[in-house]
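Notes to accompany the following structure.
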Amino acid sequence: MRLILLGAPGSGKGTQAVLLKAKYGCAHISTGDILRKSLQEETDLSRRVKALMSNGDLVPDDVIIEMVKERLSKDDVTKGFLMDGFPRTVMQAEALDKMLNEIGRPLDAALFINVAENTIVRRLSHRRVCRACGEALNLLDVASETKNCLACSGELYQRDDDSEQVIRKRLQVYRQQTEPVVELYKKKGFLRTVEVQDHYMPEDTFRGVKAALGL
């Protein structure tokens, strides 16, 4: 299985990637994880990333593409991969297609997890993180009186980027930059879509994912 996961921030791409990896053994390739790991390494590429991020600059397409190319050279991708958080732009999508064809691992499908914007805002704005252990939970999924972390009883707080104003701005950026990627894969005949309803839990979405992929 060689799969791209597409969807707006908060659509559940990461959660579905974890479930797919557990069941089918594919490598989960997250650009966020790659960037975090790069900050702990000492290579020419990682030093370039550190310099950009320390200056507050966005990591440009060519650097992200190079990092993904390096990740795709690892042995674990021989069992397939789940691409999470990449590509975000049409340029990245075209570069990825070229890269995969060059290494003889062409894409099987692009899975689009379609969630209504108001549902995303509602779920992300109810997300809380523990100050002590970093565990995240959603107030919609637990008892209404929950005020502390379920793992360690630490204090819960709302991240700045989980405020409704910031969420809607992130969704606007997504519509401008990444929705064209969805259309690109649709035109190429690679797109598989899962329609996620407001009341869905992750396991409900996972059933839709497996059905969309014919699994």
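Identifiers for the structure tokens are assigned positionally: chains receive A, B, ... in sequence, residues are indexed from 1 per chain, and ligands are indexed from 1 in the order shown.
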
At a cut-off of 7 Å, using only C-alpha atoms, what residues contact Thr178 in chain A? Leave out same-chain residues fewer than 4 positions from it and give the result as a PyMOL selection string. chain A and resi 88-89+174+182

Name all residues at most 7 Å from range 157-160 of chain A (count only C-alpha atoms; drop same-chain ones fewer than 4 positions away) and give them as JSON, numbers by chain. {"A": [127, 128, 129, 130, 131]}

Any chance you could export the current selection's C-alpha atoms as a JSON list (two decimals), in the first residue's frame?
```
[["chain", "number", "residue", "atom", "x", "y", "z"],
["A", 127, "ARG", "CA", -8.73, 19.95, 22.34],
["A", 128, "ARG", "CA", -6.67, 20.31, 25.51],
["A", 129, "VAL", "CA", -3.06, 19.37, 26.30],
["A", 130, "CYS", "CA", -1.51, 18.37, 29.64],
["A", 131, "ARG", "CA", 1.19, 20.74, 30.88]]
```

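The residues of range 151-185 of chain A that DSSP assigns to helix (DSSP H, G or I) on this backbone come out as Asp160, Asp161, Asp162, Glu164, Gln165, Val166, Ile167, Arg168, Lys169, Arg170, Leu171, Gln172, Val173, Tyr174, Arg175, Gln176, Gln177, Glu179, Pro180, Val181, Val182, Glu183, Leu184 and Tyr185 of chain A.
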
Take the selection from the previous step and output its residues with N, CA and C atoms, as a short mmCIF file (atom, residue, chain, number, x, y, z; two decimals), in the first residue's frame.
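As written to disk, selection.cif reads:
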```cif
data_model
loop_
_atom_site.label_atom_id
_atom_site.label_comp_id
_atom_site.auth_asym_id
_atom_site.auth_seq_id
_atom_site.Cartn_x
_atom_site.Cartn_y
_atom_site.Cartn_z
N ASP A 160 -2.43 27.81 21.76
CA ASP A 160 -2.82 29.03 21.04
C ASP A 160 -3.39 28.71 19.66
N ASP A 161 -2.81 27.68 18.99
CA ASP A 161 -3.27 27.38 17.63
C ASP A 161 -4.57 26.57 17.61
N ASP A 162 -5.14 26.31 18.79
CA ASP A 162 -6.44 25.64 18.86
C ASP A 162 -7.58 26.61 19.17
N GLU A 164 -10.42 29.31 18.06
CA GLU A 164 -11.26 29.30 16.86
C GLU A 164 -10.71 30.22 15.78
N GLN A 165 -10.20 31.38 16.16
CA GLN A 165 -9.68 32.33 15.18
C GLN A 165 -8.50 31.75 14.40
N VAL A 166 -7.59 31.11 15.13
CA VAL A 166 -6.40 30.53 14.47
C VAL A 166 -6.80 29.32 13.62
N ILE A 167 -7.73 28.51 14.12
CA ILE A 167 -8.18 27.34 13.36
C ILE A 167 -8.76 27.77 12.02
N ARG A 168 -9.61 28.81 12.03
CA ARG A 168 -10.22 29.26 10.78
C ARG A 168 -9.18 29.83 9.82
N LYS A 169 -8.13 30.45 10.36
CA LYS A 169 -7.05 30.95 9.50
C LYS A 169 -6.28 29.78 8.88
N ARG A 170 -6.04 28.73 9.68
CA ARG A 170 -5.35 27.54 9.15
C ARG A 170 -6.18 26.88 8.05
N LEU A 171 -7.49 26.87 8.24
CA LEU A 171 -8.38 26.28 7.24
C LEU A 171 -8.37 27.11 5.95
N GLN A 172 -8.25 28.42 6.10
CA GLN A 172 -8.17 29.28 4.92
C GLN A 172 -6.90 29.00 4.12
N VAL A 173 -5.79 28.85 4.84
CA VAL A 173 -4.52 28.51 4.17
C VAL A 173 -4.64 27.16 3.48
N TYR A 174 -5.28 26.20 4.15
CA TYR A 174 -5.48 24.88 3.56
C TYR A 174 -6.26 24.98 2.25
N ARG A 175 -7.36 25.76 2.26
CA ARG A 175 -8.17 25.89 1.05
C ARG A 175 -7.36 26.47 -0.10
N GLN A 176 -6.50 27.40 0.21
CA GLN A 176 -5.70 28.06 -0.83
C GLN A 176 -4.59 27.16 -1.36
N GLN A 177 -3.91 26.45 -0.46
CA GLN A 177 -2.70 25.72 -0.85
C GLN A 177 -2.94 24.25 -1.15
N GLU A 179 -6.19 22.32 -1.13
CA GLU A 179 -7.35 21.84 -1.88
C GLU A 179 -7.02 21.61 -3.36
N PRO A 180 -6.16 22.43 -4.00
CA PRO A 180 -5.78 22.14 -5.39
C PRO A 180 -5.08 20.79 -5.55
N VAL A 181 -4.41 20.30 -4.48
CA VAL A 181 -3.76 18.98 -4.53
C VAL A 181 -4.83 17.89 -4.62
N VAL A 182 -5.92 18.07 -3.87
CA VAL A 182 -7.03 17.12 -3.91
C VAL A 182 -7.58 17.05 -5.34
N GLU A 183 -7.77 18.20 -5.96
CA GLU A 183 -8.29 18.25 -7.33
C GLU A 183 -7.32 17.61 -8.32
N LEU A 184 -6.01 17.81 -8.08
CA LEU A 184 -4.99 17.22 -8.95
C LEU A 184 -5.09 15.71 -8.96
N TYR A 185 -5.18 15.09 -7.78
CA TYR A 185 -5.25 13.63 -7.71
C TYR A 185 -6.61 13.11 -8.20
#
```

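Here CA of Gly80 in chain A stands at a distance of 27.3 Å from CA of Tyr200 in chain A.
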
For Leu45 in chain A: contacts at 10 Å, only C-alpha atoms, fewer than 2 positions along chain excluded, given as a list in words: Ser38, Leu39, Glu41, Glu42, Thr43, Arg47, Arg48, Val49, Lys50, Val63, Ile64, Glu66, Met67 and Glu70 of chain A

Suppose you want the space between CA of Met99 in chain A and CA of Thr78 in chain A; what is it in Å? 15.0 Å
